[in-house]
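Notes to accompany the following structure.
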Amino acid sequence: MKKLNIAMIGYKFMGKAHSNAWRQVGHFFDVPFEPVMKVVCGRDEKAVEQAARDFGWQEHATSWEEVVKRQDIDIIDICTPGDLHLPIAVAASQNKKVVFCEKPLANTVEEAEQMLHAVESNGVIHMLCHNYRRVPAIALAKQIIDEGQLGRIFHFRGTYLQDWLVNPDFPRVWRLKKSSAGSGALGDLVSHSVDLARYLVGEISEVAGLLETFIKERPAESGSEIMAPVEVDDTTLSLIKFENGAVGSIEASRFATGRKNYNRLEINGSLGSLAFNLERMNELELYIEQGPNSGFRTILATGSDHPFMNGWWPPGHIIGYEHTFTHTVLDLLRAVENQTLPTPNFEDGLRNQKVLAAIERASGSRAWETV
Ligand SMILES: NC(=O)c1ccc[n+]([C@@H]2O[C@H](COP(=O)([O-])OP(=O)(O)OC[C@H]3O[C@@H](n4cnc5c(N)ncnc54)[C@H](O)[C@@H]3O)[C@@H](O)[C@H]2O)c1
């Protein structure tokens with residue numbers, strides 16, 4: 001089988017998830033290429049060497065600048081904080097690599113534009129890792145909506161709640177610095193809900209928004225008495241209008257006590273509704289209006305005819321978070337084979353970034369903003 005050599009930059013949370021996906025995809029799906037886990041890159045020699053051993057990479061490296069130039073590398077997989085997405089993606093595309101990048105695409109609209117320009121002008125395939133599109137229940141929701149089963153869509157209601165910042169002693173990590181993360185709950189969580197809203201309902205045209213930071217300074221490092229400013233939002237709320245006339249709301253927080261990764265959405269249409277909650281990710285709630293006594297039913301989206309499930313287990317044998325990344329790299333490999341552009345890609349990333357920027361502007365102007 002033909003081989004594709006992967007280089008992954010960053011090896012912590014997403015690096016672990018992506019490593020697992022590259023390792024598993026060929027064991028469960030018919031892949032057009034054997035993905036070879038060639039080299040993992042980080043800054044700390046000892047730690048990245050350990051990561052290579054733990055996750056199954058053949059080599060380790062400490063300079064992404066050198067890795068992106070290597071002749072033997074086909075795909076650059078970016079799993080770093082947001083401020084590095086632009087330089088790595090631009091250099092990778094100049095070296096004619098396929099670029100696979102974690103979300104949000106960039107820290108600003110301008111950066112996202114530069115990234116899209118780089119991949120397009122260098123003619124390379126690009127993909128953005130909004131993995132939730134490839135939860136089977138979400139892909140099933142997409143089919144149901146596209147078939148017209150919900151009729152005209154009126155509402156999208158997205159909620160993405162976590163609580164890891166409630167403790168004021170939690171240090172000011174990179175996710176709380178504007179220079180490295182761009183924004184807080186907005187880029188981290190709202191970007192996922194915006195991606196799902198665009199995927200399932202359509203383009204967003206106008207927004208109103210509110211960004212709030214509850215705890216304005218935190219220990220500069222774990223246990224430190226030196227305080228550092230929190231430069232990003234702890235929570236974001238927004239109202240959205242879609243081009244097709246639907247309306248909606250997206251709320252994201254890192255202060256929703258008790259909620260760990262509560263990524264929920266509900267869509268209401270003229271013929272029915274559907275609802276999804278990532279913490280029960282194998283299930284899709286579906287309501288189709290059928291007169292008296294019709295109500296929501298729960299579909300266990302594990303049937304062999306449900307999206308992506310034919311690669312896994314017999315019906316009813318549930319899958320988990322990590323599988324969504326396997327599905328994502330599967331579609332990337334297929335796109336490379338067919339020389340097509342997978343979705344979501346950098347164009348989606350730019351559109352997403354424009355929605356995020358409009359929400360941030362609206363929070364400042366206290367007025368509706370056009371995307
Ligand atoms: N798809 C999702 O659901 C999802 C979930 C979490 C994070 N993310 C995104 O993934 C990206 C990474 O987030 P994370 O949670 O994995 O962060 P993390 O802090 O767990 O890992 C970041 C990694 O980047 C490495 N890194 C930083 N600077 C580097 C440099 N100069 N050279 C090489 N490596 C460097 C760090 O050493 C670390 O290994 C972010 O863009 C984030 O928004 C996506």
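Simple scheme: letters A, B, ... for chains in structure tokens order, numbers from 1 for residues in each chain, numbers from 1 for ligands in the order shown.
Residues of protein, DNA or RNA lying at most 6 Å from ligand 1, when only C-alpha atoms and all ligand atoms are considered, are A:Ile9, A:Gly10, A:Tyr11, A:Lys12, A:Phe13, A:Met14, A:Gly15, A:Cys41, A:Gly42, A:Arg43, A:Trp64, A:Cys79, A:Thr80, A:Pro81, A:Gly82, A:Glu102, A:Lys103, A:Pro104, A:Cys129, A:His130, A:Asn131, A:Asp188.
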Now that the selection is made, can you save its residues with N, CA, C and O atoms as a PDB file, in the first residue's frame?
```pdb
ATOM      1  N   ILE A   9       3.052  18.441  14.998  1.00  0.00           N
ATOM      2  CA  ILE A   9       3.685  19.456  15.838  1.00  0.00           C
ATOM      3  C   ILE A   9       2.795  19.655  17.073  1.00  0.00           C
ATOM      4  O   ILE A   9       1.626  20.027  16.933  1.00  0.00           O
ATOM      5  N   GLY A  10       3.351  19.443  18.256  1.00  0.00           N
ATOM      6  CA  GLY A  10       2.566  19.511  19.507  1.00  0.00           C
ATOM      7  C   GLY A  10       2.085  18.111  19.853  1.00  0.00           C
ATOM      8  O   GLY A  10       1.651  17.362  18.978  1.00  0.00           O
ATOM      9  N   TYR A  11       2.194  17.758  21.137  1.00  0.00           N
ATOM     10  CA  TYR A  11       1.936  16.352  21.485  1.00  0.00           C
ATOM     11  C   TYR A  11       1.176  16.181  22.793  1.00  0.00           C
ATOM     12  O   TYR A  11       1.219  15.134  23.412  1.00  0.00           O
ATOM     13  N   LYS A  12       0.473  17.255  23.228  1.00  0.00           N
ATOM     14  CA  LYS A  12      -0.248  17.072  24.500  1.00  0.00           C
ATOM     15  C   LYS A  12      -1.664  16.584  24.244  1.00  0.00           C
ATOM     16  O   LYS A  12      -1.859  15.470  23.764  1.00  0.00           O
ATOM     17  N   PHE A  13      -2.678  17.402  24.585  1.00  0.00           N
ATOM     18  CA  PHE A  13      -4.063  16.918  24.496  1.00  0.00           C
ATOM     19  C   PHE A  13      -4.403  16.495  23.061  1.00  0.00           C
ATOM     20  O   PHE A  13      -4.694  15.320  22.775  1.00  0.00           O
ATOM     21  N   MET A  14      -4.359  17.449  22.145  1.00  0.00           N
ATOM     22  CA  MET A  14      -4.722  17.096  20.771  1.00  0.00           C
ATOM     23  C   MET A  14      -3.689  16.185  20.134  1.00  0.00           C
ATOM     24  O   MET A  14      -4.024  15.318  19.318  1.00  0.00           O
ATOM     25  N   GLY A  15      -2.424  16.358  20.517  1.00  0.00           N
ATOM     26  CA  GLY A  15      -1.400  15.471  19.963  1.00  0.00           C
ATOM     27  C   GLY A  15      -1.685  14.021  20.303  1.00  0.00           C
ATOM     28  O   GLY A  15      -1.508  13.113  19.480  1.00  0.00           O
ATOM     29  N   CYS A  41       6.955  16.547  16.883  1.00  0.00           N
ATOM     30  CA  CYS A  41       7.802  17.696  17.190  1.00  0.00           C
ATOM     31  C   CYS A  41       7.290  18.465  18.407  1.00  0.00           C
ATOM     32  O   CYS A  41       6.084  18.696  18.541  1.00  0.00           O
ATOM     33  N   GLY A  42       8.220  18.827  19.293  1.00  0.00           N
ATOM     34  CA  GLY A  42       7.900  19.665  20.453  1.00  0.00           C
ATOM     35  C   GLY A  42       9.144  20.458  20.804  1.00  0.00           C
ATOM     36  O   GLY A  42      10.155  20.380  20.098  1.00  0.00           O
ATOM     37  N   ARG A  43       9.090  21.225  21.903  1.00  0.00           N
ATOM     38  CA  ARG A  43      10.248  22.058  22.218  1.00  0.00           C
ATOM     39  C   ARG A  43      11.216  21.371  23.162  1.00  0.00           C
ATOM     40  O   ARG A  43      12.405  21.597  23.121  1.00  0.00           O
ATOM     41  N   TRP A  64      10.097  22.825  14.564  1.00  0.00           N
ATOM     42  CA  TRP A  64       9.081  22.629  13.521  1.00  0.00           C
ATOM     43  C   TRP A  64       9.538  23.243  12.210  1.00  0.00           C
ATOM     44  O   TRP A  64       9.168  22.787  11.129  1.00  0.00           O
ATOM     45  N   CYS A  79      -0.938  20.685  16.054  1.00  0.00           N
ATOM     46  CA  CYS A  79      -1.636  20.499  17.347  1.00  0.00           C
ATOM     47  C   CYS A  79      -1.071  21.444  18.394  1.00  0.00           C
ATOM     48  O   CYS A  79      -0.876  21.054  19.545  1.00  0.00           O
ATOM     49  N   THR A  80      -0.759  22.662  18.000  1.00  0.00           N
ATOM     50  CA  THR A  80      -0.143  23.641  18.902  1.00  0.00           C
ATOM     51  C   THR A  80      -1.155  24.723  19.269  1.00  0.00           C
ATOM     52  O   THR A  80      -2.202  24.832  18.638  1.00  0.00           O
ATOM     53  N   PRO A  81      -0.819  25.573  20.253  1.00  0.00           N
ATOM     54  CA  PRO A  81      -1.656  26.748  20.517  1.00  0.00           C
ATOM     55  C   PRO A  81      -1.824  27.602  19.259  1.00  0.00           C
ATOM     56  O   PRO A  81      -1.001  27.553  18.335  1.00  0.00           O
ATOM     57  N   GLY A  82      -2.888  28.425  19.278  1.00  0.00           N
ATOM     58  CA  GLY A  82      -3.315  29.162  18.089  1.00  0.00           C
ATOM     59  C   GLY A  82      -2.276  30.061  17.454  1.00  0.00           C
ATOM     60  O   GLY A  82      -2.256  30.226  16.231  1.00  0.00           O
ATOM     61  N   GLU A 102      -5.504  22.118  13.785  1.00  0.00           N
ATOM     62  CA  GLU A 102      -6.502  22.166  14.849  1.00  0.00           C
ATOM     63  C   GLU A 102      -7.279  23.486  14.799  1.00  0.00           C
ATOM     64  O   GLU A 102      -6.833  24.465  14.249  1.00  0.00           O
ATOM     65  N   LYS A 103      -8.452  23.457  15.398  1.00  0.00           N
ATOM     66  CA  LYS A 103      -9.301  24.644  15.467  1.00  0.00           C
ATOM     67  C   LYS A 103      -8.938  25.486  16.679  1.00  0.00           C
ATOM     68  O   LYS A 103      -8.313  24.947  17.583  1.00  0.00           O
ATOM     69  N   PRO A 104      -9.358  26.753  16.816  1.00  0.00           N
ATOM     70  CA  PRO A 104      -9.840  27.539  15.692  1.00  0.00           C
ATOM     71  C   PRO A 104      -8.681  27.776  14.723  1.00  0.00           C
ATOM     72  O   PRO A 104      -7.517  27.736  15.139  1.00  0.00           O
ATOM     73  N   CYS A 129      -9.558  20.739  11.899  1.00  0.00           N
ATOM     74  CA  CYS A 129     -10.061  19.651  12.744  1.00  0.00           C
ATOM     75  C   CYS A 129     -11.219  20.106  13.640  1.00  0.00           C
ATOM     76  O   CYS A 129     -11.025  20.333  14.832  1.00  0.00           O
ATOM     77  N   HIS A 130     -12.393  20.261  13.028  1.00  0.00           N
ATOM     78  CA  HIS A 130     -13.614  20.375  13.836  1.00  0.00           C
ATOM     79  C   HIS A 130     -14.210  18.975  13.883  1.00  0.00           C
ATOM     80  O   HIS A 130     -15.115  18.638  13.111  1.00  0.00           O
ATOM     81  N   ASN A 131     -13.680  18.171  14.782  1.00  0.00           N
ATOM     82  CA  ASN A 131     -13.977  16.735  14.798  1.00  0.00           C
ATOM     83  C   ASN A 131     -15.433  16.405  15.084  1.00  0.00           C
ATOM     84  O   ASN A 131     -15.903  15.329  14.731  1.00  0.00           O
ATOM     85  N   ASP A 188     -12.247  28.922  21.632  1.00  0.00           N
ATOM     86  CA  ASP A 188     -12.097  27.529  22.036  1.00  0.00           C
ATOM     87  C   ASP A 188     -13.408  26.756  21.862  1.00  0.00           C
ATOM     88  O   ASP A 188     -13.425  25.672  21.272  1.00  0.00           O
TER      89      ASP A 188
END
```
Residues of segment 14-84 of chain A in strand (DSSP E) according to DSSP, as a short mmCIF file (atom, residue, chain, number, x, y, z; two decimals) with C-alpha atoms, in the first residue's frame?
```cif
data_model
loop_
_atom_site.label_atom_id
_atom_site.label_comp_id
_atom_site.auth_asym_id
_atom_site.auth_seq_id
_atom_site.Cartn_x
_atom_site.Cartn_y
_atom_site.Cartn_z
CA GLU A 34 -0.87 3.68 5.10
CA PRO A 35 -0.32 6.71 7.36
CA VAL A 36 3.22 6.48 8.69
CA MET A 37 3.73 8.23 12.04
CA LYS A 38 7.11 9.56 11.03
CA VAL A 39 8.02 12.39 13.38
CA VAL A 40 6.52 14.22 16.36
CA CYS A 41 7.80 17.70 17.19
CA GLU A 59 11.26 9.91 15.38
CA HIS A 60 11.12 13.06 17.45
CA ALA A 61 12.30 16.59 16.66
CA ILE A 75 1.25 15.80 5.89
CA ILE A 76 1.87 18.41 8.59
CA ASP A 77 -0.54 17.97 11.51
CA ILE A 78 -0.72 21.13 13.67
#
```
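By chain and then residue number, the residues within 9 Å of Tyr321 of chain A are Ala17, Tyr132, Val135, Leu278 and Met281 of chain A, counting only C-alpha atoms and disregarding those fewer than 6 positions away in sequence.
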Go ahead and write the selection's residues with N, CA, C and O atoms as a PDB file, in the first residue's frame.
```
ATOM      1  N   ALA A  17      -4.709  12.787  20.954  1.00  0.00           N
ATOM      2  CA  ALA A  17      -5.919  12.386  20.211  1.00  0.00           C
ATOM      3  C   ALA A  17      -5.582  12.107  18.740  1.00  0.00           C
ATOM      4  O   ALA A  17      -6.051  11.116  18.155  1.00  0.00           O
ATOM      5  N   TYR A 132     -16.173  17.353  15.723  1.00  0.00           N
ATOM      6  CA  TYR A 132     -17.555  17.009  16.104  1.00  0.00           C
ATOM      7  C   TYR A 132     -18.467  16.801  14.894  1.00  0.00           C
ATOM      8  O   TYR A 132     -19.507  16.169  15.014  1.00  0.00           O
ATOM      9  N   VAL A 135     -18.919  13.041  14.595  1.00  0.00           N
ATOM     10  CA  VAL A 135     -19.658  12.194  15.534  1.00  0.00           C
ATOM     11  C   VAL A 135     -20.767  11.556  14.702  1.00  0.00           C
ATOM     12  O   VAL A 135     -21.502  12.275  14.005  1.00  0.00           O
ATOM     13  N   LEU A 278     -23.015  16.079  23.523  1.00  0.00           N
ATOM     14  CA  LEU A 278     -21.767  15.303  23.385  1.00  0.00           C
ATOM     15  C   LEU A 278     -21.541  14.334  24.541  1.00  0.00           C
ATOM     16  O   LEU A 278     -20.945  13.279  24.372  1.00  0.00           O
ATOM     17  N   MET A 281     -22.904  11.035  23.460  1.00  0.00           N
ATOM     18  CA  MET A 281     -22.639  11.273  22.046  1.00  0.00           C
ATOM     19  C   MET A 281     -23.123  10.193  21.092  1.00  0.00           C
ATOM     20  O   MET A 281     -23.138  10.410  19.884  1.00  0.00           O
TER      21      MET A 281
END
```
#### Entry: Within 12 Å of Arg366 of chain A using only C-alpha atoms, minus same-chain residues under 3 positions, as a list in words
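Here the qualifying residues turn out to be Val207, Ala208, Gly209, Leu210, Leu211, Ser238, Leu239, Ala358, Ile359, Glu360, Arg361, Ala362, Ser363 and Glu369 of chain A.
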Given the selection you just returned, output its residues as a file containing N, CA, C and O atoms, formatted as a JSON list (two decimals), in the first residue's frame.
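Output contents, as saved in out20.json:
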```json
[["chain", "number", "residue", "atom", "x", "y", "z"],
["A", 207, "VAL", "N", -24.83, 38.98, 14.07],
["A", 207, "VAL", "CA", -24.73, 38.51, 15.45],
["A", 207, "VAL", "C", -24.86, 39.67, 16.44],
["A", 207, "VAL", "O", -24.55, 40.82, 16.13],
["A", 208, "ALA", "N", -25.34, 39.33, 17.63],
["A", 208, "ALA", "CA", -25.20, 40.21, 18.79],
["A", 208, "ALA", "C", -24.36, 39.42, 19.80],
["A", 208, "ALA", "O", -24.37, 38.18, 19.76],
["A", 209, "GLY", "N", -23.66, 40.08, 20.67],
["A", 209, "GLY", "CA", -22.76, 39.30, 21.53],
["A", 209, "GLY", "C", -22.42, 39.94, 22.85],
["A", 209, "GLY", "O", -22.55, 41.16, 23.04],
["A", 210, "LEU", "N", -22.00, 39.08, 23.77],
["A", 210, "LEU", "CA", -21.54, 39.54, 25.08],
["A", 210, "LEU", "C", -20.37, 38.66, 25.51],
["A", 210, "LEU", "O", -20.49, 37.43, 25.54],
["A", 211, "LEU", "N", -19.24, 39.29, 25.79],
["A", 211, "LEU", "CA", -18.08, 38.56, 26.32],
["A", 211, "LEU", "C", -17.86, 39.06, 27.75],
["A", 211, "LEU", "O", -17.95, 40.28, 28.00],
["A", 238, "SER", "N", -24.21, 34.75, 22.58],
["A", 238, "SER", "CA", -24.51, 35.46, 21.35],
["A", 238, "SER", "C", -25.86, 35.06, 20.78],
["A", 238, "SER", "O", -26.35, 33.95, 21.02],
["A", 239, "LEU", "N", -26.44, 36.03, 20.09],
["A", 239, "LEU", "CA", -27.64, 35.77, 19.28],
["A", 239, "LEU", "C", -27.17, 35.75, 17.84],
["A", 239, "LEU", "O", -26.30, 36.53, 17.47],
["A", 358, "ALA", "N", -17.10, 38.99, 14.70],
["A", 358, "ALA", "CA", -18.31, 39.81, 14.75],
["A", 358, "ALA", "C", -18.94, 39.75, 16.14],
["A", 358, "ALA", "O", -19.43, 40.76, 16.66],
["A", 359, "ILE", "N", -18.89, 38.57, 16.79],
["A", 359, "ILE", "CA", -19.43, 38.46, 18.16],
["A", 359, "ILE", "C", -18.61, 39.35, 19.10],
["A", 359, "ILE", "O", -19.15, 40.07, 19.95],
["A", 360, "GLU", "N", -17.30, 39.33, 18.92],
["A", 360, "GLU", "CA", -16.43, 40.16, 19.77],
["A", 360, "GLU", "C", -16.70, 41.65, 19.53],
["A", 360, "GLU", "O", -16.80, 42.43, 20.48],
["A", 361, "ARG", "N", -16.87, 42.02, 18.26],
["A", 361, "ARG", "CA", -17.19, 43.43, 17.95],
["A", 361, "ARG", "C", -18.52, 43.82, 18.57],
["A", 361, "ARG", "O", -18.66, 44.90, 19.15],
["A", 362, "ALA", "N", -19.49, 42.90, 18.47],
["A", 362, "ALA", "CA", -20.84, 43.20, 18.99],
["A", 362, "ALA", "C", -20.80, 43.39, 20.50],
["A", 362, "ALA", "O", -21.54, 44.22, 21.04],
["A", 363, "SER", "N", -19.94, 42.65, 21.16],
["A", 363, "SER", "CA", -19.83, 42.80, 22.60],
["A", 363, "SER", "C", -19.33, 44.20, 22.94],
["A", 363, "SER", "O", -19.77, 44.80, 23.92],
["A", 369, "GLU", "N", -23.97, 43.14, 14.74],
["A", 369, "GLU", "CA", -22.85, 43.31, 13.81],
["A", 369, "GLU", "C", -23.03, 42.35, 12.64],
["A", 369, "GLU", "O", -23.42, 41.19, 12.81]]
```
### Query
With only C-alpha atoms as the atoms that count, which of A:His85, A:Lys97, A:His192, A:Lys16 lies nearest to Trp57 of chain A?
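Looking only at the distances to Trp57 of chain A, the closest residue turns out to be A:Lys16.
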### Message
Using only C-alpha atoms, can you tell me which of A:Pro32, A:Gly245, A:Gly269, A:Gly295 comes closest to Val329 of chain A?
### Response
A:Pro32
### Query
Out of A:Met1, A:Val109, A:Leu140, A:Met127, which residue has the shortest atom-to-atom distance to Val371 of chain A when counting only C-alpha atoms?
A:Val109
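Shortest atom-to-atom contact with Gln71 of chain A among A:Asn107, A:Asn5, A:Val99, A:Asn244: A:Asn5, counting only C-alpha atoms.
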